>>> print(open('work_32.txt').read())   # compact mmCIF, C-alpha atoms
# COMPACT_ATOMS: atom_id res chain seq x y z
CA ARG J 274 -87.55 35.34 225.19
CA ASN J 275 -86.74 37.05 228.45
CA ALA J 276 -83.80 36.18 230.69
CA ARG J 277 -85.98 34.50 233.27
CA ALA J 278 -87.52 32.13 230.76
CA MET J 279 -84.10 31.32 229.38
CA GLY J 280 -82.81 30.63 232.87
CA VAL J 281 -85.65 28.29 233.78
CA ASP J 282 -85.09 26.34 230.57
CA ALA J 283 -81.36 26.22 231.22
CA ILE J 284 -81.57 24.70 234.70
CA GLU J 285 -83.93 21.90 233.71
CA GLY J 286 -82.97 18.62 232.06
CA ASP J 287 -79.66 16.95 231.36
CA LEU J 288 -76.81 19.41 230.74
CA ARG J 289 -75.14 16.92 228.40
CA MET J 290 -77.84 17.71 225.84
CA GLY J 291 -77.29 20.88 223.82
CA CYS J 292 -73.98 21.67 225.51
CA ASP J 293 -70.44 21.73 224.22
CA PRO J 294 -69.40 18.30 222.85
CA LYS J 295 -66.85 18.04 225.68
CA LEU J 296 -69.69 17.22 228.09
CA LYS J 297 -71.52 14.66 225.97
CA ASP J 298 -69.57 11.62 227.21
CA PHE J 299 -69.96 12.44 230.93
CA PRO J 300 -71.12 9.06 232.30
CA TYR J 301 -74.01 10.32 234.46
CA GLU J 302 -77.03 12.54 234.02
CA LEU J 303 -75.89 16.07 234.73
CA ASN J 304 -78.67 18.16 236.20
CA ALA J 305 -78.01 21.84 236.95
CA GLY J 306 -80.86 22.02 239.44
CA PHE J 307 -79.30 19.22 241.50
CA LEU J 308 -75.87 20.89 241.48
CA VAL J 309 -77.29 24.29 242.40
CA ASP J 310 -79.06 22.61 245.33
CA VAL J 311 -75.81 20.97 246.49
CA ALA J 312 -74.05 24.36 246.40
CA ARG J 313 -76.95 25.98 248.23
CA ARG J 314 -76.91 23.34 250.98
CA ALA J 315 -73.16 23.85 251.40
CA GLY J 316 -73.83 27.58 251.74
CA GLN J 317 -76.45 26.91 254.39
CA ALA J 318 -73.94 24.77 256.32
CA ILE J 319 -71.51 27.69 256.23
CA MET J 320 -74.16 30.14 257.44
CA GLU J 321 -75.05 27.93 260.40
CA VAL J 322 -71.48 28.38 261.63
CA TYR J 323 -71.18 32.04 260.52
CA GLU J 324 -74.27 33.07 262.46
CA GLY J 325 -73.10 31.31 265.62
CA HIS J 326 -70.63 32.43 268.29
CA GLU J 327 -67.09 33.02 267.08
CA GLN J 328 -65.69 30.83 269.86
CA ASP J 329 -67.56 27.93 268.21
CA TRP J 330 -65.99 28.44 264.77
CA GLY J 331 -63.18 25.95 265.51
CA VAL J 332 -60.50 28.10 263.89
CA GLN J 333 -57.18 26.37 263.27
CA LEU J 334 -54.16 26.99 261.04
CA LYS J 335 -53.22 24.62 258.23
CA GLY J 336 -49.65 23.78 257.27
CA ASP J 337 -49.42 26.83 255.00
CA ASP J 338 -50.69 29.08 257.84
CA SER J 339 -54.04 29.63 256.10
CA PRO J 340 -57.07 29.41 258.40
CA LEU J 341 -59.54 26.53 258.56
CA THR J 342 -62.92 26.59 260.34
CA LYS J 343 -65.83 24.29 261.09
CA ALA J 344 -67.60 25.99 258.21
CA ASP J 345 -64.94 24.84 255.69
CA LEU J 346 -65.19 21.26 256.92
CA SER J 347 -68.98 21.20 257.16
CA ALA J 348 -69.46 22.56 253.64
CA ASN J 349 -66.82 20.19 252.30
CA LYS J 350 -68.70 17.20 253.76
CA VAL J 351 -72.01 18.33 252.24
CA ILE J 352 -70.43 18.70 248.78
CA CYS J 353 -68.26 15.57 248.79
CA ASP J 354 -71.03 13.35 250.16
CA ALA J 355 -73.51 14.58 247.52
CA LEU J 356 -71.10 14.36 244.58
CA SER J 357 -69.79 10.94 245.64
CA GLU J 358 -73.31 9.54 245.90
CA ALA J 359 -74.55 11.01 242.60
CA PHE J 360 -71.34 10.51 240.58
CA PRO J 361 -69.47 7.66 242.31
CA GLU J 362 -66.80 7.18 239.63
CA ILE J 363 -65.84 10.86 239.32
CA PRO J 364 -62.92 11.77 241.63
CA ILE J 365 -63.05 14.92 243.76
CA THR J 366 -60.17 17.32 244.30
CA SER J 367 -60.96 19.64 247.20
CA GLU J 368 -58.84 22.14 249.07
CA GLU J 369 -59.84 20.35 252.26
CA ASN J 370 -59.28 16.74 251.12
CA LYS J 371 -56.08 14.74 251.20
CA LYS J 372 -54.02 15.50 248.09
CA VAL J 373 -53.95 12.84 245.37
CA ASP J 374 -50.62 12.12 243.68
CA TRP J 375 -50.07 13.44 240.16
CA SER J 376 -49.41 9.90 238.91
CA VAL J 377 -53.09 9.16 239.66
CA ARG J 378 -54.58 12.57 238.75
CA LYS J 379 -52.99 12.73 235.31
CA GLU J 380 -55.19 9.80 234.29
CA TYR J 381 -58.42 11.62 235.19
CA THR J 382 -60.85 12.25 232.34
CA TYR J 383 -63.48 14.03 234.44
CA SER J 384 -62.94 15.28 237.99
CA TRP J 385 -64.54 17.71 240.42
CA CYS J 386 -62.54 20.69 241.71
CA VAL J 387 -63.95 22.12 244.95
CA ASP J 388 -63.27 24.97 247.33
CA PRO J 389 -65.97 24.57 250.00
CA LEU J 390 -65.26 28.00 251.51
CA ASP J 391 -63.33 30.39 249.30
CA GLY J 392 -62.42 33.41 251.40
CA THR J 393 -62.00 31.95 254.88
CA LYS J 394 -60.14 35.11 255.92
CA GLU J 395 -63.16 37.17 254.79
CA PHE J 396 -65.41 34.80 256.75
CA LEU J 397 -63.31 35.48 259.86
CA LYS J 398 -63.68 39.24 259.28
CA ARG J 399 -67.47 38.74 259.07
CA ASN J 400 -67.67 40.85 255.91
CA GLY J 401 -69.77 38.36 253.91
CA GLN J 402 -67.30 38.21 251.01
CA PHE J 403 -66.88 34.45 250.73
CA ALA J 404 -68.27 31.76 248.46
CA THR J 405 -68.59 28.03 247.79
CA LEU J 406 -66.98 26.90 244.53
CA ILE J 407 -67.70 23.68 242.63
CA ALA J 408 -66.27 22.96 239.16
CA LEU J 409 -66.29 19.98 236.85
CA LEU J 410 -63.08 19.50 234.89
CA LYS J 411 -62.55 17.54 231.71
CA GLY J 412 -58.85 16.91 231.49
CA SER J 413 -57.24 20.31 232.01
CA GLU J 414 -60.33 22.41 231.15
CA ALA J 415 -63.09 23.58 233.49
CA VAL J 416 -66.42 22.79 231.77
CA LEU J 417 -69.03 23.44 234.48
CA GLY J 418 -68.91 25.80 237.44
CA LEU J 419 -70.97 27.00 240.38
CA VAL J 420 -70.23 29.97 242.65
CA GLN J 421 -72.60 30.07 245.63
CA VAL J 422 -72.70 33.16 247.87
CA PRO J 423 -73.96 32.04 251.30
CA VAL J 424 -74.76 35.51 252.67
CA THR J 425 -77.04 36.50 249.75
CA GLY J 426 -78.23 33.04 248.71
CA GLN J 427 -77.24 33.73 245.08
CA THR J 428 -75.80 30.94 242.96
CA TYR J 429 -73.90 31.72 239.77
CA TRP J 430 -73.61 28.74 237.45
CA ALA J 431 -72.57 27.90 233.91
CA ALA J 432 -71.86 24.91 231.69
CA LYS J 433 -69.67 25.09 228.61
CA GLY J 434 -71.80 25.96 225.61
CA ARG J 435 -74.91 26.57 227.73
CA GLY J 436 -74.44 30.15 228.93
CA ALA J 437 -74.02 31.67 232.41
CA TYR J 438 -76.79 32.39 234.91
CA VAL J 439 -77.39 33.69 238.40
CA ARG J 440 -80.16 32.22 240.53
CA ASP J 441 -81.29 34.32 243.46
CA ALA J 442 -82.45 33.10 246.88
CA GLN J 443 -86.08 33.06 245.66
CA GLY J 444 -85.24 30.90 242.63
CA LYS J 445 -85.44 33.64 239.98
CA GLU J 446 -82.83 33.18 237.28
CA THR J 447 -81.15 35.73 235.05
CA ARG J 448 -78.80 35.22 232.12
CA LEU J 449 -75.36 36.80 232.54
CA ARG J 450 -73.73 38.59 229.61
CA CYS J 451 -70.65 40.81 229.74
CA ARG J 452 -70.97 44.08 227.85
CA GLU J 453 -68.19 44.79 225.37
CA PHE J 454 -65.50 47.27 226.35
CA ASP J 455 -62.32 48.68 224.86
CA GLU J 456 -59.16 48.64 226.97
CA LYS J 457 -58.50 52.18 225.74
CA ASP J 458 -61.76 53.39 227.33
CA GLU J 459 -61.33 55.94 230.09
CA GLY J 460 -62.62 55.17 233.57
CA LEU J 461 -62.82 51.38 233.41
CA THR J 462 -63.48 49.64 236.72
CA ILE J 463 -60.68 47.35 237.86
CA ILE J 464 -60.88 44.99 240.82
CA VAL J 465 -57.77 44.92 242.97
CA SER J 466 -56.91 42.83 245.99
CA ARG J 467 -56.80 44.45 249.40
CA THR J 468 -53.58 42.70 250.28
CA HIS J 469 -51.68 41.89 247.07
CA ARG J 470 -50.20 45.01 245.46
CA GLY J 471 -46.71 45.22 244.03
CA PRO J 472 -44.59 46.71 241.22
CA LYS J 473 -45.72 44.18 238.59
CA LEU J 474 -49.35 44.97 239.28
CA GLU J 475 -48.66 48.71 239.15
CA GLU J 476 -46.98 48.17 235.75
CA PHE J 477 -50.11 46.43 234.48
CA LEU J 478 -52.46 49.07 235.88
CA SER J 479 -50.49 51.84 234.15
CA ARG J 480 -51.97 50.61 230.84
CA TYR J 481 -55.35 52.10 231.74
CA SER J 482 -56.63 55.68 231.60
CA ASN J 483 -58.09 57.00 234.86
CA PRO J 484 -59.47 53.67 236.03
CA LYS J 485 -61.74 53.29 239.03
CA TYR J 486 -60.75 50.67 241.59
CA ILE J 487 -62.90 48.46 243.76
CA GLN J 488 -61.77 45.95 246.39
CA LEU J 489 -63.52 42.68 247.04
CA GLY J 490 -62.76 39.29 248.57
CA SER J 491 -62.84 35.76 247.18
CA ALA J 492 -64.37 34.63 243.87
CA LEU J 493 -66.93 37.43 244.12
CA LYS J 494 -64.46 39.44 242.04
CA PHE J 495 -65.31 37.33 238.98
CA THR J 496 -69.06 37.70 239.52
CA LYS J 497 -68.76 41.49 239.45
CA ILE J 498 -67.27 41.26 235.95
CA CYS J 499 -70.11 38.94 234.88
CA GLU J 500 -72.59 41.55 236.16
CA ASN J 501 -70.79 44.43 234.39
CA GLU J 502 -69.82 46.15 237.62
CA ALA J 503 -66.15 45.82 236.63
CA GLN J 504 -64.19 44.99 233.48
CA VAL J 505 -60.78 43.73 234.63
CA TYR J 506 -59.36 41.76 237.57
CA PRO J 507 -55.56 41.31 237.55
CA ARG J 508 -54.16 38.75 239.99
CA MET J 509 -50.39 38.90 240.36
CA ALA J 510 -50.19 36.82 243.50
CA PRO J 511 -50.47 33.06 244.13
CA THR J 512 -53.81 31.25 243.91
CA CYS J 513 -54.73 27.58 243.50
CA GLU J 514 -56.83 25.78 240.90
CA TRP J 515 -59.87 25.45 243.18
CA ASP J 516 -59.92 29.24 243.62
CA THR J 517 -60.61 29.89 239.92
CA ALA J 518 -61.98 26.76 238.17
CA ALA J 519 -65.66 27.38 238.96
CA PRO J 520 -65.75 31.16 238.33
CA HIS J 521 -63.66 30.59 235.18
CA VAL J 522 -66.58 28.73 233.56
CA VAL J 523 -69.12 31.33 234.68
CA LEU J 524 -67.05 34.23 233.36
CA SER J 525 -66.19 32.47 230.08
CA GLU J 526 -69.83 31.64 229.39
CA ALA J 527 -70.77 35.26 230.15
CA GLY J 528 -68.35 36.35 227.44
CA GLY J 529 -65.18 37.00 229.44
CA GLU J 530 -61.85 35.21 229.78
CA ILE J 531 -59.08 34.41 232.26
CA LEU J 532 -55.61 34.54 230.69
CA GLN J 533 -52.28 33.43 232.09
CA CYS J 534 -49.75 36.17 232.73
CA GLY J 535 -46.78 34.29 234.11
CA ARG J 536 -45.81 31.18 236.05
CA CYS J 537 -44.97 31.88 239.69
CA THR J 538 -43.71 30.26 242.86
CA GLY J 539 -45.88 29.61 245.89
CA GLU J 540 -44.26 32.69 247.45
CA GLY J 541 -45.41 34.86 244.56
CA GLU J 542 -42.11 35.20 242.68
CA LEU J 543 -42.73 35.63 238.95
CA LEU J 544 -40.76 33.13 236.84
CA GLU J 545 -41.20 34.76 233.40
CA PRO J 546 -42.00 38.24 232.05
CA TRP J 547 -45.70 38.83 232.57
CA GLU J 548 -46.11 40.78 229.31
CA GLU J 549 -44.78 37.86 227.26
CA ALA J 550 -46.98 35.35 229.07
CA LEU J 551 -50.08 37.51 228.67
CA GLY J 552 -49.28 38.01 224.97
CA ARG J 553 -49.64 34.26 224.37
CA ASN J 554 -53.40 34.53 225.10
CA GLN J 555 -53.49 31.20 226.92
CA PRO J 556 -56.35 30.51 229.31
CA VAL J 557 -55.65 29.24 232.82
CA CYS J 558 -55.80 25.43 232.83
CA TYR J 559 -56.42 22.83 235.53
CA ASN J 560 -55.52 19.41 236.93
CA LYS J 561 -51.84 20.17 236.46
CA GLU J 562 -48.96 18.49 238.29
CA SER J 563 -48.90 21.51 240.63
CA ASP J 564 -52.21 22.90 241.88
CA LEU J 565 -50.71 26.41 241.82
CA ASN J 566 -52.20 28.80 239.26
CA PRO J 567 -50.04 31.18 237.25
CA PHE J 568 -50.62 34.89 237.67
CA PHE J 569 -53.67 35.77 235.57
CA ILE J 570 -55.86 38.56 234.25
CA ALA J 571 -59.64 38.16 234.21
CA TYR J 572 -61.42 40.25 231.61
CA GLY J 573 -65.00 40.89 230.61
CA ARG J 574 -65.81 40.97 226.89
CA ARG J 575 -62.99 42.88 225.21
CA LYS J 576 -63.26 44.42 221.75
CA ASN J 577 -61.01 42.65 219.29
>>> encode(input="work_32.txt", output="structure tokens")
Amino acid sequence: RNARAMGVDAIEGDLRMGCDPKLKDFPYELNAGFLVDVARRAGQAIMEVYEGHEQDWGVQLKGDDSPLTKADLSANKVICDALSEAFPEIPITSEENKKVDWSVRKEYTYSWCVDPLDGTKEFLKRNGQFATLIALLKGSEAVLGLVQVPVTGQTYWAAKGRGAYVRDAQGKETRLRCREFDEKDEGLTIIVSRTHRGPKLEEFLSRYSNPKYIQLGSALKFTKICENEAQVYPRMAPTCEWDTAAPHVVLSEAGGEILQCGRCTGEGELLEPWEEALGRNQPVCYNKESDLNPFFIAYGRRKN
């Protein structure tokens, strides 16, 4: 069966059927087509602002000095309204919502983890490298994820045990599978941040033989690994759970992984040796007391 046929089958019906057992007790019908449509409508809300005049973007600075625009808020409303109506008992954690205390969150079985506009700084640069991220968590594990790219209309989505797919603006779907690689291979493609380079990252990069580097914003870095345009993405700078939960599911279901490589402070200070942390082979986890991620390495499908 070709990838398109597999994709069409995958997006239809209730995702609780034929998926990983972790999804079977989700208390509502879980339809991928509905969720892809929610992500797409959030992307359209972003594009309405993006294609307008910059003086109408409503740019302001949040408490941590990160930017916020009308596009963030508009997309957040689209997503939260749709999820609340369809899944009224499932709480939503969003970058743009009021934070919920850990004493409440630690009791969550299922919850949504949302970044309505990942890459606001890229949005402000008008380079198109931003995305809408929606993930479903079960406890501390991300089990369903959508990465919607407003500028291209593509939506990457995956559910645990169901595979990973990309749906283009015309509705054509393709299965995503990472090709196997060996870390000893010469000339691997590694994604690096434009702004976050430092001695720890240089140490990590020294493991590789004549790698090629590409730079990209937001969660699009993970999609490039899913599409075999890169093999490794090291992140040795602070991120939050909503930045990675959705692409984590897509990459994992495509055959890749995201491994912890050291707890850090919000200022980016490493609190343990990164080599030791990476050697534990522990995936990044979610709905923690702190919403701060550890440093991490995202890989495609590595040879054992």
>>> atom_distance(input="work_32.txt", atom1="CA of Met290 in chain J", atom2="CA of Ala431 in chain J")
14.0 Å
>>> closest_residue(input="work_32.txt", among="J:Thr447, J:Thr512, J:Asn400, J:Thr393", to="Ala527 in chain J", atoms="all atoms listed in the file")
J:Thr447
>>> residues_near_point(input="work_32.txt", point="(-50.5, 33.6, 235.2)", cutoff="8 Å", atoms="only C-alpha atoms", output="NGL selection string")
:J and (508-509 or 532-537 or 547 or 550-551 or 557 or 566-570)
>>> closest_atom_pairs(input="work_32.txt", of="range 295-317 of chain J", to="range 407-410 of chain J", cutoff="10 Å", atoms="only C-alpha atoms", output="CSV")
residue,atom,partner,partner_atom,distance
J:Leu296,CA,J:Leu410,CA,9.8
J:Leu308,CA,J:Ile407,CA,8.7
J:Val309,CA,J:Ile407,CA,9.6
J:Val311,CA,J:Ile407,CA,9.4
J:Ala312,CA,J:Ile407,CA,7.4
>>> closest_residue(input="work_32.txt", among="J:Glu502, J:Glu562, J:Glu540, J:Glu459", to="Asn483 in chain J", atoms="only C-alpha atoms")
J:Glu459
